[in-house]
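Worksheet: one structure, shown below.
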Amino acid sequence: MKALLPAKAARYQAAQRANRQLFGKIAGMFSLASALLVAIGAISYQSTIQLVESSAQIEQTLQTIEGLESLLSEMKDAETGQRGYVLTGTESYLEPYNTATQNVKKQVSKLQQALGSEPRQKQQLDQIETLISQKLDIVQETIKLRRDENFESALQVIRTNRGKLIMDNIRVLVGEAKAEQNEKLRQLQQRDRQAKANARRTIFIFSTAIFLSSIIIVVAYYLIYREIIERKRTEEMLAQERDFIATILDTVGALVVILNPQGQIVRFNQTFGQIIQYSASEMQGKHFWHLFSIPEEVELVRTNFEQLLQGEHLAQHENYLVPKGGKRRLITWSNTALLNPKGSVDYVIYTGIDITERDWIEAEIRLLQVITQAITESENFPSALLVALSQVCEATGWNYGETWLPHSDGTTLTCGQTWCNNVYGQSKASGDALEQFRQMSQGYSFVPDQGLPGRVWSSKQPEWIQDVSILPEALFIRSQSAKESGLKAGLGVPILAGSEVLAILVFFMFDSQPEDKRLVELVSTVATQLGSVIQRKRAEEALRQSEARLQAILDNSTAVMYVKDIQGRFTLVNRCFETLFHIDRETVKGKTDYDIFPSEIADVFRSNDQQVLSAKAPLQWEEVAPHDDGLHTYLSSKFPLCDATGAPYAVCGISADITERKQMEQALQQANEKLTGWVSELELHNREISLLGQMNELLQACLSTEEAYGAISRLVQPLFPGSSGAVFTISASKRLVEAASTWGSALLSQKLFAPNECWALRRGRSHVVAAPQGSPCCQHLHSSDNPPSDNAESICVPMMARGEALGLLYLNSATGGQLTIGQQRLAVTVAEQIALALANLKLHETLQHQSIRDPLTGLFNRRYMEESLERELHRSQRKQQPVGIIMLDVDNFKRFNDTYGHEAGDEVLRELGLFLRKYTRGSDIACRYGGEELTLILPEACLETTRERAEQLREGIKHLHVQHRRQVLGVVTLSLGVAVVPDHGLSSEAVLQAADAALYRAKALGRDRVVIAESIPVAP
């Protein structure tokens, strides 16, 4: 017989071609993906370069516009510094001028660098630079005239309007340059938008290419993965096939030996090794016929082997096999040659059957079949024992048999079933004696190691006795009775179920006979078979009882329980399942979830079952199943049922209805959410109350409205997180509303507007704008130039105190939902608190003003002057700095009263007070000393500075044009007396007296002049 192997080579070649095609596809996919990525990368790089260049040009243009604006601003600062210095003569006013002069040069240099090679812009910049130089020269000339000569000389230069004309030309040129830059910016922004659009398209194309490349790579990896899986599957199949074949070879009862073409042994199975009793190392490299054949059959076996190599078919043949022990075994052989694709022999397989004991084995098999069938058909264990006794005795020649069973307490053996073949003629014992032996045995009980049954019970091994009648009673208690009954040879065999002894079989025959191992083996085999059958019957009975108990447990459970096989077919359900889903357990067997439930629910059940089978571990889900009253929620615990190899063959599920619990949990969660919300609201309310208290306390501690406005932004912002806002004040004329304090980064309101532009001020109540299309939008919001987003919201709250609107609290948010009802109520409360605090501060300031100010002139009164002079004297002593005093009086004041009336005199004093407040330093103190006599206190002013200030005032008052009832009152002149601490005294009385005396001397000398007080020698 031949077994050809061409299919193996064909499968190998086909696999090679498939591999080449697979790797070609994979290489093509990776090449396509790489080409896509390279092409899109090039396009993306070009688009990015364009976008960067456009952004750089826009940035340069914006810098140019900003530089032009900054240049114009610096020129304005220079003009402002010039005017301040010309009017006051104070060097500090030149600081903006000096700073602006330096910054202008730097800014022109930056603009030249930014414009680069643009001829038109460079020409404009050169013109602007020339005009700026001219303007700065004029400003410098004016400042020099004011410093070297006087105010009038500088004023004459200003009146020529040369500086104004040059400044107007600068503005025109800067405006033209800005217009050109704005036009350029518009074009660049258009190009930038186009570049960004191209970039977005490139990004889309790039994303699409990456997506396609990813798909290609995924497909390639999938093909690789599938090939790997297929190879692993093939390797596993080959390994399984190899293991399967090896298992078959090792478990098969036949002899299997594999030879190479030289006749040497390559491999053999376990049965062959057990018979020949040689090790693998002993047979390695040996020829089969030299090692196992008898001498006279060596040539015959070798000839048969050579014929098989030459391709001749040989029928079965028999020959003797000589094991290591030397006892011959007759084997029937059948041979197979395995050919490779070239047609030559690779291996020769010899398969043999040992037929030495075939007849004996056939007899044993028949006996085992009969006994097994009879035992299987028996109803219980005693009947099975009786069948075994009778069959063994009849088949093997035993004359008498008995069974010994362990007592329920496991301490003794008692006699059970007995059997005899009633053949007494050959024995010398009568039937009565044998019956007496049986009855005596029924009365015996054996403990372990006592008698033949006890010894077999302890050893769990068969025991053969050649003649029991000659044994002493210590070894065989019933020896005398056996002798009388004619019983000789005896055999005890245990019936085992694992390690448990179920019973002891004892056999006797009337002849003395040495131990027959074959007979012992046969009876032991019958006992083993009997033990297996009995054990199986017990297991079946236990299984039936277990199933009954399990079914009782399942049926009495309130949970739904079920078992499904791996195809999803139900194999077991409990009564709860039947009741809830109206289907009995016999009908549901073999059905799936799709036969009972809607498909969408069945899909979920099947998916969960498959996850359990894949995980091979218990899993838990919440599942939904339909009931008569609607859908119910179940907590399902599912676990796999596995066989001995660990492979799952079914899924068991226990599902408890948790619908009520879920409803309770949902209700509890809602209650918790409400409680959490209430707690959060309470905490927020407490925080707001605390912040309101702090705000009210700090506002009450403020000494002025300016200080209060500075604190409001820090106090109000924490109350409205995420919002921007401002506090607006209404001017004394009631015509303007101006922002006094702001906070946040996204204020949507104008900072200066008219009262009628706010709905809240017009209505006298808060006004909320939730969205542009909702409530009417206030005009002061940036609705035209900078409209808010669709989600923006704002609130305006008038700040009312004593029936009067003091201002407005304004809040806005760029995102919706910030200004809740609670926040709106809080805003009203905050507005009331701020209004009350501001009203109190204004009242306090009014009272304070009235207490220290002269109502006619607006200057400080005499009491404030005396307090301030004492304070300044102490400071001058501490710092060793002088204090200047100017006493001034209106010349011929009585003439104004007599000629135009007292109201005209009051008008002169009022204008004089305005003049002094305007042309004095912030640190100077101007006071009305009495009547038309006024006093100026100049801290840290020396005598020369005080005299110069007096001269400036004397000259400046002459330019004051006072009108009363549309009538010009004439030129006003002043007489001024100057005194300085410590030159003219160290006390307030002394210095005031010295200045007053100098004033009277000035009047005596002809008025309209400044006189310095006489120095008072200070005692050393």
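Residue names in the structure tokens use chain letters A, B, ... in the order shown, residue numbers from 1 in each chain, and ligand numbers from 1 in the order shown.
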**Report entry** Selection: 10 Å around A:Gln818, only C-alpha atoms, excl. self and same-chain fewer than 6 positions, as a PyMOL selection string
**Finding:** chain A and resi 720-723+792-794+812+824
Could those selected residues go to a file with all heavy atoms, as a tab-separated table (two decimals), in the first residue's frame?
chain	number	residue	atom	x	y	z
A	720	PHE	N	-19.69	89.44	40.80
A	720	PHE	CA	-20.21	89.06	39.48
A	720	PHE	C	-19.07	88.43	38.67
A	720	PHE	O	-18.56	89.05	37.73
A	720	PHE	CB	-20.78	90.28	38.76
A	720	PHE	CG	-21.86	90.99	39.53
A	720	PHE	CD1	-21.57	92.11	40.30
A	720	PHE	CD2	-23.16	90.53	39.50
A	720	PHE	CE1	-22.54	92.76	41.01
A	720	PHE	CE2	-24.16	91.18	40.21
A	720	PHE	CZ	-23.86	92.29	40.98
A	721	PRO	N	-18.62	87.24	39.03
A	721	PRO	CA	-17.52	86.60	38.29
A	721	PRO	C	-17.93	86.30	36.86
A	721	PRO	O	-19.06	85.92	36.59
A	721	PRO	CB	-17.26	85.32	39.09
A	721	PRO	CG	-18.53	85.05	39.82
A	721	PRO	CD	-19.13	86.39	40.12
A	722	GLY	N	-16.98	86.48	35.96
A	722	GLY	CA	-17.26	86.21	34.55
A	722	GLY	C	-17.93	87.36	33.84
A	722	GLY	O	-18.27	87.23	32.66
A	723	SER	N	-18.18	88.48	34.52
A	723	SER	CA	-18.87	89.62	33.92
A	723	SER	C	-17.95	90.84	33.97
A	723	SER	O	-17.05	90.93	34.80
A	723	SER	CB	-20.17	89.92	34.67
A	723	SER	OG	-21.04	88.81	34.63
A	792	ALA	N	-24.53	87.53	24.14
A	792	ALA	CA	-24.20	88.56	25.13
A	792	ALA	C	-25.46	89.03	25.84
A	792	ALA	O	-26.57	89.01	25.28
A	792	ALA	CB	-23.50	89.73	24.45
A	793	GLU	N	-25.30	89.44	27.08
A	793	GLU	CA	-26.40	89.96	27.87
A	793	GLU	C	-25.86	91.05	28.78
A	793	GLU	O	-24.68	91.08	29.12
A	793	GLU	CB	-27.04	88.85	28.70
A	793	GLU	CG	-26.06	88.08	29.57
A	793	GLU	CD	-26.72	86.88	30.24
A	793	GLU	OE1	-27.88	86.60	29.93
A	793	GLU	OE2	-26.06	86.25	31.09
A	794	SER	N	-26.75	92.00	29.15
A	794	SER	CA	-26.33	93.13	29.98
A	794	SER	C	-27.49	93.58	30.84
A	794	SER	O	-28.65	93.26	30.57
A	794	SER	CB	-25.82	94.28	29.10
A	794	SER	OG	-26.88	94.77	28.27
A	812	ASN	N	-22.26	93.45	32.05
A	812	ASN	CA	-22.49	92.70	30.81
A	812	ASN	C	-21.65	91.43	30.82
A	812	ASN	O	-20.63	91.34	31.51
A	812	ASN	CB	-22.16	93.55	29.58
A	812	ASN	CG	-20.68	93.82	29.40
A	812	ASN	OD1	-20.22	94.88	29.76
A	812	ASN	ND2	-19.94	92.87	28.85
A	824	GLN	N	-29.29	89.40	38.90
A	824	GLN	CA	-29.98	90.66	38.66
A	824	GLN	C	-30.47	91.28	39.96
A	824	GLN	O	-30.34	92.50	40.17
A	824	GLN	CB	-31.15	90.43	37.70
A	824	GLN	CG	-30.71	89.97	36.30
A	824	GLN	CD	-31.89	89.62	35.41
A	824	GLN	OE1	-33.02	90.06	35.68
A	824	GLN	NE2	-31.65	88.84	34.37
Requested in this report: Tell me, as a VMD selection string, which residues lie within 8 Å of A:Val830, counting only C-alpha atoms; anything in the same chain fewer than 3 positions away does not count.
Outcome: chain A and resid 692 716 826 to 827 833 to 834
Query - Exercise: A:Leu631 partners within 12 Å, only C-alpha atoms, chain neighbours under 5 positions left out, as an MDAnalysis selection string - result: chainID A and resid 580 597:598 601 623:626 657:660
Report task. Find the residues around A:Leu145 up to 10 Å (only C-alpha atoms counted), leave out those fewer than 3 positions away in its own chain, and share them as a count of residues only. Result -> 15
Give me the residues within 10 Å of stretch 549-560 of chain A as a compact mmCIF listing (two decimals) with all heavy atoms, in the first residue's frame, counting only C-alpha atoms and dropping any in the same chain fewer than 6 places off.
# COMPACT_ATOMS: atom_id res chain seq x y z
N LEU A 543 -26.84 12.97 39.90
CA LEU A 543 -27.13 14.03 38.95
C LEU A 543 -28.61 14.31 38.88
O LEU A 543 -29.04 15.48 38.85
CB LEU A 543 -26.59 13.64 37.57
CG LEU A 543 -26.81 14.65 36.45
CD1 LEU A 543 -26.13 15.97 36.78
CD2 LEU A 543 -26.30 14.10 35.12
N LEU A 572 -32.29 25.88 29.54
CA LEU A 572 -32.89 25.78 30.86
C LEU A 572 -33.39 27.16 31.29
O LEU A 572 -32.68 28.16 31.12
CB LEU A 572 -31.86 25.26 31.88
CG LEU A 572 -32.34 25.15 33.34
CD1 LEU A 572 -33.42 24.10 33.47
CD2 LEU A 572 -31.15 24.83 34.25
N VAL A 573 -34.61 27.19 31.83
CA VAL A 573 -35.16 28.42 32.40
C VAL A 573 -35.89 28.04 33.69
O VAL A 573 -36.27 26.88 33.90
CB VAL A 573 -36.13 29.15 31.44
CG1 VAL A 573 -35.41 29.60 30.18
CG2 VAL A 573 -37.31 28.26 31.08
N ASN A 574 -36.10 29.01 34.55
CA ASN A 574 -36.83 28.74 35.79
C ASN A 574 -38.28 29.21 35.66
O ASN A 574 -38.70 29.78 34.64
CB ASN A 574 -36.14 29.37 36.98
CG ASN A 574 -36.17 30.89 36.94
OD1 ASN A 574 -36.40 31.47 35.89
ND2 ASN A 574 -35.93 31.52 38.07
N ARG A 575 -39.04 28.98 36.74
CA ARG A 575 -40.46 29.28 36.72
C ARG A 575 -40.70 30.79 36.57
O ARG A 575 -41.67 31.22 35.93
CB ARG A 575 -41.14 28.75 37.99
CG ARG A 575 -42.66 28.92 37.98
CD ARG A 575 -43.31 28.37 39.24
NE ARG A 575 -43.14 26.93 39.31
CZ ARG A 575 -42.49 26.30 40.28
NH1 ARG A 575 -41.95 27.00 41.26
NH2 ARG A 575 -42.37 25.00 40.29
N CYS A 576 -39.82 31.61 37.18
CA CYS A 576 -39.98 33.06 37.07
C CYS A 576 -39.89 33.51 35.61
O CYS A 576 -40.64 34.38 35.17
CB CYS A 576 -38.90 33.75 37.91
SG CYS A 576 -39.05 35.55 37.96
N PHE A 577 -39.00 32.91 34.84
CA PHE A 577 -38.88 33.22 33.41
C PHE A 577 -40.19 32.87 32.69
O PHE A 577 -40.70 33.63 31.87
CB PHE A 577 -37.71 32.44 32.82
CG PHE A 577 -37.36 32.80 31.40
CD1 PHE A 577 -36.29 33.64 31.14
CD2 PHE A 577 -38.09 32.33 30.33
CE1 PHE A 577 -35.95 33.98 29.84
CE2 PHE A 577 -37.77 32.66 29.03
CZ PHE A 577 -36.69 33.50 28.78
N GLU A 578 -40.73 31.68 33.03
CA GLU A 578 -41.99 31.26 32.39
C GLU A 578 -43.11 32.25 32.70
O GLU A 578 -43.89 32.62 31.82
CB GLU A 578 -42.37 29.87 32.90
CG GLU A 578 -41.42 28.76 32.49
CD GLU A 578 -41.83 27.41 33.04
OE1 GLU A 578 -42.03 27.30 34.27
OE2 GLU A 578 -41.98 26.48 32.24
N THR A 579 -43.19 32.66 33.97
CA THR A 579 -44.30 33.52 34.39
C THR A 579 -44.21 34.89 33.75
O THR A 579 -45.21 35.44 33.26
CB THR A 579 -44.30 33.65 35.92
OG1 THR A 579 -44.35 32.33 36.49
CG2 THR A 579 -45.48 34.47 36.39
N LEU A 580 -43.00 35.49 33.76
CA LEU A 580 -42.87 36.87 33.28
C LEU A 580 -43.02 36.98 31.78
O LEU A 580 -43.60 37.95 31.27
CB LEU A 580 -41.51 37.43 33.71
CG LEU A 580 -41.32 37.65 35.22
CD1 LEU A 580 -39.91 38.13 35.50
CD2 LEU A 580 -42.32 38.68 35.74
N TYR A 634 -33.20 45.18 34.49
CA TYR A 634 -32.67 44.03 35.22
C TYR A 634 -31.17 44.20 35.42
O TYR A 634 -30.46 44.71 34.54
CB TYR A 634 -32.92 42.73 34.44
CG TYR A 634 -34.34 42.22 34.52
CD1 TYR A 634 -35.32 42.68 33.64
CD2 TYR A 634 -34.71 41.29 35.49
CE1 TYR A 634 -36.62 42.22 33.72
CE2 TYR A 634 -36.01 40.82 35.58
CZ TYR A 634 -36.97 41.28 34.70
OH TYR A 634 -38.25 40.83 34.79
N LEU A 635 -30.70 43.77 36.58
CA LEU A 635 -29.27 43.64 36.84
C LEU A 635 -28.88 42.20 36.54
O LEU A 635 -29.21 41.30 37.31
CB LEU A 635 -28.94 44.02 38.28
CG LEU A 635 -27.45 43.95 38.65
CD1 LEU A 635 -26.64 44.92 37.80
CD2 LEU A 635 -27.25 44.23 40.13
N SER A 636 -28.22 42.00 35.41
CA SER A 636 -27.93 40.65 34.93
C SER A 636 -26.49 40.29 35.22
O SER A 636 -25.56 41.01 34.82
CB SER A 636 -28.20 40.55 33.42
OG SER A 636 -29.56 40.79 33.14
N GLY A 653 -27.23 32.83 33.21
CA GLY A 653 -27.55 34.20 33.59
C GLY A 653 -28.52 34.25 34.74
O GLY A 653 -29.44 33.44 34.85
N ILE A 654 -28.31 35.23 35.63
CA ILE A 654 -29.22 35.49 36.75
C ILE A 654 -29.56 36.97 36.67
O ILE A 654 -28.68 37.82 36.80
CB ILE A 654 -28.57 35.16 38.11
CG1 ILE A 654 -28.13 33.69 38.14
CG2 ILE A 654 -29.53 35.47 39.25
CD1 ILE A 654 -27.36 33.32 39.40
N SER A 655 -30.84 37.26 36.44
CA SER A 655 -31.27 38.64 36.24
C SER A 655 -32.28 39.02 37.30
O SER A 655 -33.32 38.37 37.44
CB SER A 655 -31.89 38.81 34.84
OG SER A 655 -30.96 38.47 33.84
N ALA A 656 -31.94 40.03 38.08
CA ALA A 656 -32.82 40.53 39.15
C ALA A 656 -33.47 41.82 38.69
O ALA A 656 -32.80 42.72 38.17
CB ALA A 656 -32.04 40.75 40.43
N ASP A 657 -34.79 41.91 38.89
CA ASP A 657 -35.55 43.10 38.50
C ASP A 657 -35.21 44.25 39.46
O ASP A 657 -35.51 44.18 40.66
CB ASP A 657 -37.05 42.80 38.53
CG ASP A 657 -37.87 43.89 37.84
OD1 ASP A 657 -37.33 44.99 37.67
OD2 ASP A 657 -39.03 43.64 37.49
